[in-house]
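Here the structure comes first, spelled out in structure tokens, and everything after it is commentary.
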Amino acid sequence: MAQTVVHKANTRGVADHGWLKSYQSFSFAGYYNPERINFGALRVLNDDIVTGGMGFGEHPHDNMEIISIPLEGELQHKDSMGNTATIKAGEIQVMSAGTGIYHSEYNPDASRPAKFLQIWLFPNKRNVTPRYDQILLDATDQKNEFVQILSPNADDAGVWTYQNAWFNLAKFEAGTNKTYQLHEKGNGVYIFILKGEVEVNGQLLETRDGFGIWETDAFDVKASSDAEFLLMEVPMEF
């Protein structure tokens with residue numbers, strides 16, 4: 001029997017720093033919920049809004065896989081590996097912090113906010129050499145399909161990461177029904193609804209709701225309306 005957990009959008013932690021508004025699905029900084037520390041190897045899922053002309057100053061990370069998915073606008077990225085880049089909606093960025101990095105992120109457009117998902121995964125290898133990558137996603141592939149954007153394999157679709165994790169983005173038209181097949185036994189999937197309404201094994205989810213499912217090999221996803229969502233398959237034990 002599949003195990004599930006539902007996190008409604010209005011139950012997330014909220015941090016409002018003026019220049020940053022962050023909605024946190026799992027315990028982070030000033031938000032602490034002992035029942036929502038992580039979902040398997042998924043440690044952080046922050047839904048962030050950065051005011052125009054503002055951003056995160058240089059700060060450190062180590063031994064964490066950090067994935068950024070811009071939803072609107074763009075961010076300028078700089079890090080201690082010497083990378084300077086701009087990431088924008090339609091792209092995905094990954095960093096393996098490994099032995100340690102410093103980086104900063106800044107919204108260069110003073111006229112509008114930048115919206116992005118900040119995701120952290122516990123790695124399956126510690127103290128690796130830090131690395132950075134970003135790719136442009138092909139939006140034409142996303143309609144009514146699960147489109148892989150991250151995996152453990154460097155030669156597979158999307159970016160890769162030091163964890164047996166697979167991420168898929170999907171844009172479903174109303175009525176579309178697909179079955180998601182998990183890649184590895186012992187993994188679970190956390191689904192985050194970006195827009196619209198989706199049913200997962202009969203559970204109705206709305207915009208910005210989260211839903212975790214594990215102890216199953218597959219599950220059904222049906223769009224009750226036009227919808228966009230992110231599926232994050234991760235090991236439940238690591």
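In the structure tokens, the first chain shown is A, the next is B, and so on; residue numbers restart at 1 for each chain, and ligands run from 1 in the order shown.
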List every residue of segment 71-162 of chain A that has an atom at most 12 Å from any atom of segment 12-19 of chain A, giving for each one its closest atom pair and the distance in Å to one decimal, counting only C-alpha atoms, sorted by chain and then by ascending residue number, as a tab-separated table.
```
residue	atom	partner	partner_atom	distance
A:Tyr106	CA	A:Trp19	CA	10.8
A:Asn107	CA	A:Trp19	CA	10.2
A:Ala110	CA	A:Trp19	CA	11.5
A:Arg112	CA	A:Trp19	CA	11.8
A:Pro113	CA	A:Trp19	CA	9.3
A:Ala114	CA	A:Trp19	CA	10.7
```
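Residues surrounding Asp133 of chain A within 8 Å are Gln93, Val94, Met95 and Val159 of chain A [only C-alpha atoms; sequence separation below 4 positions excluded].
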With only C-alpha atoms counted and 12 Å as the cut-off, give the residues of segment 128-172 of chain A in contact with segment 209-227 of chain A, each with its shortest interatomic distance in Å and the pair that gives it, as a Markdown table.
```
| residue | atom | partner | partner_atom | distance |
| --- | --- | --- | --- | --- |
| A:Gln142 | CA | A:Ala227 | CA | 11.3 |
| A:Lys143 | CA | A:Ala227 | CA | 10.0 |
| A:Asn144 | CA | A:Ala223 | CA | 9.4 |
| A:Glu145 | CA | A:Val221 | CA | 10.8 |
| A:Phe146 | CA | A:Val221 | CA | 10.3 |
| A:Leu169 | CA | A:Ala227 | CA | 10.8 |
| A:Ala170 | CA | A:Ala227 | CA | 8.1 |
| A:Lys171 | CA | A:Ala227 | CA | 5.7 |
| A:Phe172 | CA | A:Ala227 | CA | 5.3 |
```
Going by DSSP on the backbone, which residues of segment 86-169 of chain A come out as strand (DSSP E or B)? List them as a PyMOL selection string. chain A and resi 86-88+91-96+101-106+114-121+131-136+143+147-151+159-160+166-169
For the residues in the current selection, export N, CA and C atoms as a CSV table (one decimal), in the first residue's frame.
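And here's part.csv as it stands now:
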```
chain,number,residue,atom,x,y,z
A,86,THR,N,23.8,34.1,-16.0
A,86,THR,CA,22.5,34.5,-15.8
A,86,THR,C,21.5,33.3,-16.0
A,87,ILE,N,20.7,33.1,-15.1
A,87,ILE,CA,19.7,32.0,-15.3
A,87,ILE,C,18.3,32.6,-15.4
A,88,LYS,N,17.5,32.1,-16.3
A,88,LYS,CA,16.2,32.7,-16.5
A,88,LYS,C,15.1,31.6,-16.6
A,91,GLU,N,15.1,27.6,-17.8
A,91,GLU,CA,16.4,27.0,-17.6
A,91,GLU,C,16.4,26.3,-16.2
A,92,ILE,N,17.5,25.5,-16.0
A,92,ILE,CA,17.7,24.8,-14.7
A,92,ILE,C,19.2,24.9,-14.4
A,93,GLN,N,19.5,25.2,-13.1
A,93,GLN,CA,20.8,25.3,-12.7
A,93,GLN,C,21.1,24.2,-11.6
A,94,VAL,N,22.3,23.6,-11.6
A,94,VAL,CA,22.6,22.7,-10.5
A,94,VAL,C,24.1,23.0,-10.1
A,95,MET,N,24.3,22.9,-8.7
A,95,MET,CA,25.6,23.0,-8.1
A,95,MET,C,25.8,21.8,-7.2
A,96,SER,N,26.9,21.2,-7.3
A,96,SER,CA,27.4,20.2,-6.2
A,96,SER,C,28.3,21.0,-5.3
A,101,ILE,N,31.6,25.8,-1.4
A,101,ILE,CA,31.6,26.9,-2.3
A,101,ILE,C,31.0,28.1,-1.7
A,102,TYR,N,31.2,29.3,-2.3
A,102,TYR,CA,30.5,30.5,-2.0
A,102,TYR,C,29.8,30.9,-3.3
A,103,HIS,N,28.6,31.5,-3.1
A,103,HIS,CA,28.0,32.0,-4.3
A,103,HIS,C,27.0,33.1,-3.9
A,104,SER,N,26.6,33.9,-4.9
A,104,SER,CA,25.6,34.9,-4.7
A,104,SER,C,24.6,34.9,-5.9
A,105,GLU,N,23.4,35.4,-5.6
A,105,GLU,CA,22.4,35.5,-6.7
A,105,GLU,C,21.7,36.9,-6.6
A,106,TYR,N,21.5,37.5,-7.7
A,106,TYR,CA,21.0,38.9,-7.7
A,106,TYR,C,20.0,39.0,-8.9
A,114,ALA,N,11.9,38.4,-9.5
A,114,ALA,CA,12.4,37.1,-10.0
A,114,ALA,C,11.8,36.1,-9.1
A,115,LYS,N,11.2,35.1,-9.7
A,115,LYS,CA,10.5,34.0,-9.0
A,115,LYS,C,11.3,32.7,-9.4
A,116,PHE,N,11.7,31.9,-8.3
A,116,PHE,CA,12.3,30.6,-8.6
A,116,PHE,C,12.2,29.6,-7.5
A,117,LEU,N,12.4,28.4,-7.8
A,117,LEU,CA,12.4,27.3,-6.8
A,117,LEU,C,13.8,27.0,-6.5
A,118,GLN,N,14.1,27.0,-5.2
A,118,GLN,CA,15.4,26.7,-4.6
A,118,GLN,C,15.2,25.3,-4.0
A,119,ILE,N,16.0,24.3,-4.5
A,119,ILE,CA,15.8,22.9,-4.0
A,119,ILE,C,17.2,22.4,-3.6
A,120,TRP,N,17.2,21.7,-2.4
A,120,TRP,CA,18.4,21.1,-1.9
A,120,TRP,C,18.2,19.6,-1.8
A,121,LEU,N,19.2,18.8,-2.2
A,121,LEU,CA,19.2,17.4,-2.0
A,121,LEU,C,20.4,17.0,-1.2
A,131,ARG,N,31.0,21.6,-8.4
A,131,ARG,CA,30.8,21.7,-9.9
A,131,ARG,C,29.5,22.5,-10.1
A,132,TYR,N,29.4,23.1,-11.3
A,132,TYR,CA,28.3,24.0,-11.7
A,132,TYR,C,27.9,23.6,-13.1
A,133,ASP,N,26.5,23.7,-13.3
A,133,ASP,CA,26.0,23.5,-14.7
A,133,ASP,C,24.7,24.1,-14.8
A,134,GLN,N,24.3,24.5,-16.0
A,134,GLN,CA,23.0,25.0,-16.3
A,134,GLN,C,22.6,24.7,-17.7
A,135,ILE,N,21.3,24.4,-18.0
A,135,ILE,CA,20.9,24.1,-19.3
A,135,ILE,C,19.6,24.9,-19.6
A,136,LEU,N,19.3,25.1,-20.9
A,136,LEU,CA,18.1,25.6,-21.4
A,136,LEU,C,17.1,24.4,-21.6
A,143,LYS,N,4.5,19.4,-23.1
A,143,LYS,CA,3.1,19.3,-23.2
A,143,LYS,C,2.6,17.9,-23.1
A,147,VAL,N,8.7,15.4,-18.6
A,147,VAL,CA,9.9,15.7,-19.2
A,147,VAL,C,11.1,15.8,-18.2
A,148,GLN,N,12.0,14.8,-18.4
A,148,GLN,CA,13.1,14.7,-17.4
A,148,GLN,C,14.0,15.9,-17.5
A,149,ILE,N,14.3,16.5,-16.4
A,149,ILE,CA,15.2,17.7,-16.3
A,149,ILE,C,16.4,17.4,-15.4
A,150,LEU,N,16.5,16.3,-14.7
A,150,LEU,CA,17.6,16.0,-13.8
A,150,LEU,C,17.6,14.5,-13.6
A,151,SER,N,18.8,14.0,-13.5
A,151,SER,CA,19.0,12.5,-13.2
A,151,SER,C,20.4,12.3,-12.6
A,159,VAL,N,20.1,18.1,-16.4
A,159,VAL,CA,21.4,18.1,-15.7
A,159,VAL,C,21.5,16.9,-14.8
A,160,TRP,N,22.7,16.7,-14.2
A,160,TRP,CA,22.9,15.5,-13.4
A,160,TRP,C,23.4,15.9,-12.0
A,166,TRP,N,15.5,11.7,-9.8
A,166,TRP,CA,15.1,12.1,-11.2
A,166,TRP,C,14.0,13.1,-11.0
A,167,PHE,N,14.2,14.3,-11.7
A,167,PHE,CA,13.1,15.3,-11.7
A,167,PHE,C,12.5,15.4,-13.1
A,168,ASN,N,11.2,15.6,-13.1
A,168,ASN,CA,10.4,15.8,-14.3
A,168,ASN,C,9.5,17.0,-14.2
A,169,LEU,N,9.5,17.9,-15.2
A,169,LEU,CA,8.5,18.9,-15.3
A,169,LEU,C,7.4,18.5,-16.3
```
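Interatomic distance, atom CA of Gly90 of chain A to atom CA of Gly73 of chain A: 9.9 Å.
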Just want the 12 Å neighbourhood of Lys185 of chain A, counted on only C-alpha atoms, with same-chain residues fewer than 2 positions away dropped. Output as a PyMOL selection string. chain A and resi 164-165+181-183+187-189+214-218+233-237
Kindly save the residues from that selection, with all heavy atoms included, as a short mmCIF file (atom, residue, chain, number, x, y, z; two decimals), in the first residue's frame.
```cif
data_model
loop_
_atom_site.label_atom_id
_atom_site.label_comp_id
_atom_site.auth_asym_id
_atom_site.auth_seq_id
_atom_site.Cartn_x
_atom_site.Cartn_y
_atom_site.Cartn_z
N ASN A 164 20.64 9.56 -6.48
CA ASN A 164 19.78 8.76 -7.35
C ASN A 164 18.39 9.39 -7.41
O ASN A 164 17.41 8.84 -6.91
CB ASN A 164 19.72 7.31 -6.86
CG ASN A 164 21.04 6.60 -7.02
OD1 ASN A 164 21.81 6.92 -7.94
ND2 ASN A 164 21.34 5.68 -6.14
N ALA A 165 18.37 10.56 -8.03
CA ALA A 165 17.16 11.37 -8.11
C ALA A 165 16.83 11.65 -9.57
O ALA A 165 17.72 11.80 -10.40
CB ALA A 165 17.36 12.69 -7.35
N GLN A 181 6.15 5.96 -13.52
CA GLN A 181 6.83 4.74 -13.07
C GLN A 181 8.12 5.14 -12.38
O GLN A 181 8.97 5.81 -12.98
CB GLN A 181 7.13 3.83 -14.27
CG GLN A 181 7.66 2.46 -13.91
CD GLN A 181 6.57 1.52 -13.43
OE1 GLN A 181 5.45 1.56 -13.93
NE2 GLN A 181 6.89 0.69 -12.44
N LEU A 182 8.29 4.73 -11.13
CA LEU A 182 9.51 5.07 -10.40
C LEU A 182 10.70 4.31 -10.96
O LEU A 182 10.58 3.19 -11.43
CB LEU A 182 9.35 4.77 -8.91
CG LEU A 182 8.66 5.88 -8.09
CD1 LEU A 182 7.17 5.95 -8.37
CD2 LEU A 182 8.91 5.68 -6.60
N HIS A 183 11.88 4.95 -10.87
CA HIS A 183 13.10 4.38 -11.42
C HIS A 183 13.74 3.34 -10.52
O HIS A 183 14.35 2.38 -11.02
CB HIS A 183 14.13 5.49 -11.68
CG HIS A 183 13.74 6.43 -12.77
ND1 HIS A 183 12.81 7.43 -12.59
CD2 HIS A 183 14.14 6.53 -14.05
CE1 HIS A 183 12.66 8.11 -13.70
NE2 HIS A 183 13.45 7.59 -14.61
N ASN A 187 12.61 4.44 -3.64
CA ASN A 187 12.44 5.86 -3.90
C ASN A 187 11.00 6.30 -3.63
O ASN A 187 10.07 5.49 -3.62
CB ASN A 187 12.79 6.20 -5.36
CG ASN A 187 14.28 6.36 -5.58
OD1 ASN A 187 15.09 6.10 -4.68
ND2 ASN A 187 14.65 6.75 -6.78
N GLY A 188 10.83 7.58 -3.42
CA GLY A 188 9.52 8.19 -3.35
C GLY A 188 9.50 9.40 -4.27
O GLY A 188 10.53 9.81 -4.81
N VAL A 189 8.33 9.98 -4.47
CA VAL A 189 8.19 11.15 -5.35
C VAL A 189 7.45 12.25 -4.59
O VAL A 189 6.41 12.01 -3.97
CB VAL A 189 7.42 10.80 -6.64
CG1 VAL A 189 7.23 12.05 -7.50
CG2 VAL A 189 8.16 9.73 -7.43
N TRP A 214 5.23 7.26 -1.57
CA TRP A 214 6.32 6.29 -1.53
C TRP A 214 5.76 4.90 -1.22
O TRP A 214 4.57 4.74 -1.03
CB TRP A 214 7.40 6.72 -0.55
CG TRP A 214 7.03 6.73 0.91
CD1 TRP A 214 7.38 5.79 1.85
CD2 TRP A 214 6.28 7.73 1.62
NE1 TRP A 214 6.89 6.14 3.08
CE2 TRP A 214 6.22 7.32 2.97
CE3 TRP A 214 5.65 8.92 1.24
CZ2 TRP A 214 5.55 8.06 3.95
CZ3 TRP A 214 4.98 9.65 2.22
CH2 TRP A 214 4.94 9.23 3.54
N GLU A 215 6.64 3.92 -1.21
CA GLU A 215 6.24 2.51 -1.08
C GLU A 215 5.27 2.12 -2.18
O GLU A 215 4.24 1.47 -1.95
CB GLU A 215 5.68 2.22 0.31
CG GLU A 215 6.73 2.36 1.41
CD GLU A 215 6.24 1.95 2.80
OE1 GLU A 215 5.13 1.34 2.89
OE2 GLU A 215 6.94 2.23 3.77
N THR A 216 5.62 2.53 -3.39
CA THR A 216 4.86 2.16 -4.58
C THR A 216 5.80 2.15 -5.77
O THR A 216 6.85 2.79 -5.74
CB THR A 216 3.70 3.15 -4.82
OG1 THR A 216 2.89 2.69 -5.89
CG2 THR A 216 4.22 4.54 -5.18
N ASP A 217 5.43 1.40 -6.80
CA ASP A 217 6.24 1.36 -8.02
C ASP A 217 5.77 2.36 -9.06
O ASP A 217 6.53 2.72 -9.97
CB ASP A 217 6.18 -0.05 -8.64
CG ASP A 217 6.79 -1.11 -7.74
OD1 ASP A 217 7.76 -0.79 -7.03
OD2 ASP A 217 6.29 -2.26 -7.75
N ALA A 218 4.49 2.79 -8.96
CA ALA A 218 3.92 3.67 -9.96
C ALA A 218 2.67 4.34 -9.38
O ALA A 218 2.10 3.86 -8.39
CB ALA A 218 3.56 2.91 -11.22
N GLU A 233 11.69 12.69 -7.80
CA GLU A 233 11.88 11.33 -7.30
C GLU A 233 13.22 11.25 -6.59
O GLU A 233 14.26 11.57 -7.15
CB GLU A 233 11.83 10.31 -8.43
CG GLU A 233 12.06 8.89 -7.95
CD GLU A 233 12.05 7.86 -9.06
OE1 GLU A 233 11.51 8.15 -10.14
OE2 GLU A 233 12.59 6.76 -8.84
N VAL A 234 13.19 10.81 -5.32
CA VAL A 234 14.39 10.78 -4.49
C VAL A 234 14.41 9.51 -3.65
O VAL A 234 13.34 8.94 -3.34
CB VAL A 234 14.47 12.01 -3.56
CG1 VAL A 234 14.57 13.30 -4.36
CG2 VAL A 234 13.27 12.07 -2.61
N PRO A 235 15.59 9.05 -3.20
CA PRO A 235 15.64 7.95 -2.25
C PRO A 235 15.01 8.35 -0.92
O PRO A 235 15.21 9.47 -0.45
CB PRO A 235 17.14 7.69 -2.06
CG PRO A 235 17.79 8.29 -3.26
CD PRO A 235 16.94 9.47 -3.63
N MET A 236 14.23 7.46 -0.34
CA MET A 236 13.63 7.73 0.96
C MET A 236 14.61 7.45 2.10
O MET A 236 14.48 7.98 3.19
CB MET A 236 12.33 6.93 1.14
CG MET A 236 11.27 7.28 0.12
SD MET A 236 10.86 9.05 0.08
CE MET A 236 10.00 9.24 1.66
N GLU A 237 15.59 6.58 1.86
CA GLU A 237 16.67 6.33 2.80
C GLU A 237 17.97 6.54 2.05
O GLU A 237 18.11 6.13 0.89
CB GLU A 237 16.59 4.92 3.38
CG GLU A 237 15.32 4.68 4.20
CD GLU A 237 15.30 3.29 4.84
OE1 GLU A 237 16.30 2.55 4.69
OE2 GLU A 237 14.29 2.97 5.47
#
```
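You will find atom CA of Lys125 of chain A at 22.7 Å from atom CA of Leu231 of chain A.
Taking segment 6-238 of chain A and asking which residues DSSP calls helix (DSSP H, G or I) on the backbone, you get Ala9, Asn10, Thr11, Ala139, Thr140 and Asp141 of chain A.
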Do you have, as a Markdown table, the list of residues of segment 182-203 of chain A lying at most 12 Å from segment 45-62 of chain A, each with its nearest atom pair and that distance in Å to one decimal, counting only C-alpha atoms and ordered by chain then number?
```
| residue | atom | partner | partner_atom | distance |
| --- | --- | --- | --- | --- |
| A:Tyr190 | CA | A:Leu45 | CA | 10.1 |
| A:Ile191 | CA | A:Leu45 | CA | 10.9 |
| A:Phe192 | CA | A:Leu45 | CA | 9.2 |
| A:Ile193 | CA | A:Asp47 | CA | 11.2 |
| A:Leu194 | CA | A:Asp47 | CA | 9.8 |
```
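The space separating atom CA of Thr99 of chain A from atom CA of Asn124 of chain A comes to 13.5 Å.
When only C-alpha atoms are used to measure the gap to Asn201 of chain A, the shortest distance among A:Thr179, A:Gly186, A:Leu137, A:Gln163 belongs to A:Thr179.
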Rank nothing, just name the residue among A:Leu205, A:Ala174, A:Ala89, A:Val198 nearest to Ala9 of chain A, using only C-alpha atoms. A:Leu205
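The smallest atom-to-atom distance between Ser27 of chain A and any of A:Ile66, A:Leu42, A:Leu204, A:Met1, using only C-alpha atoms, is found for A:Leu42.
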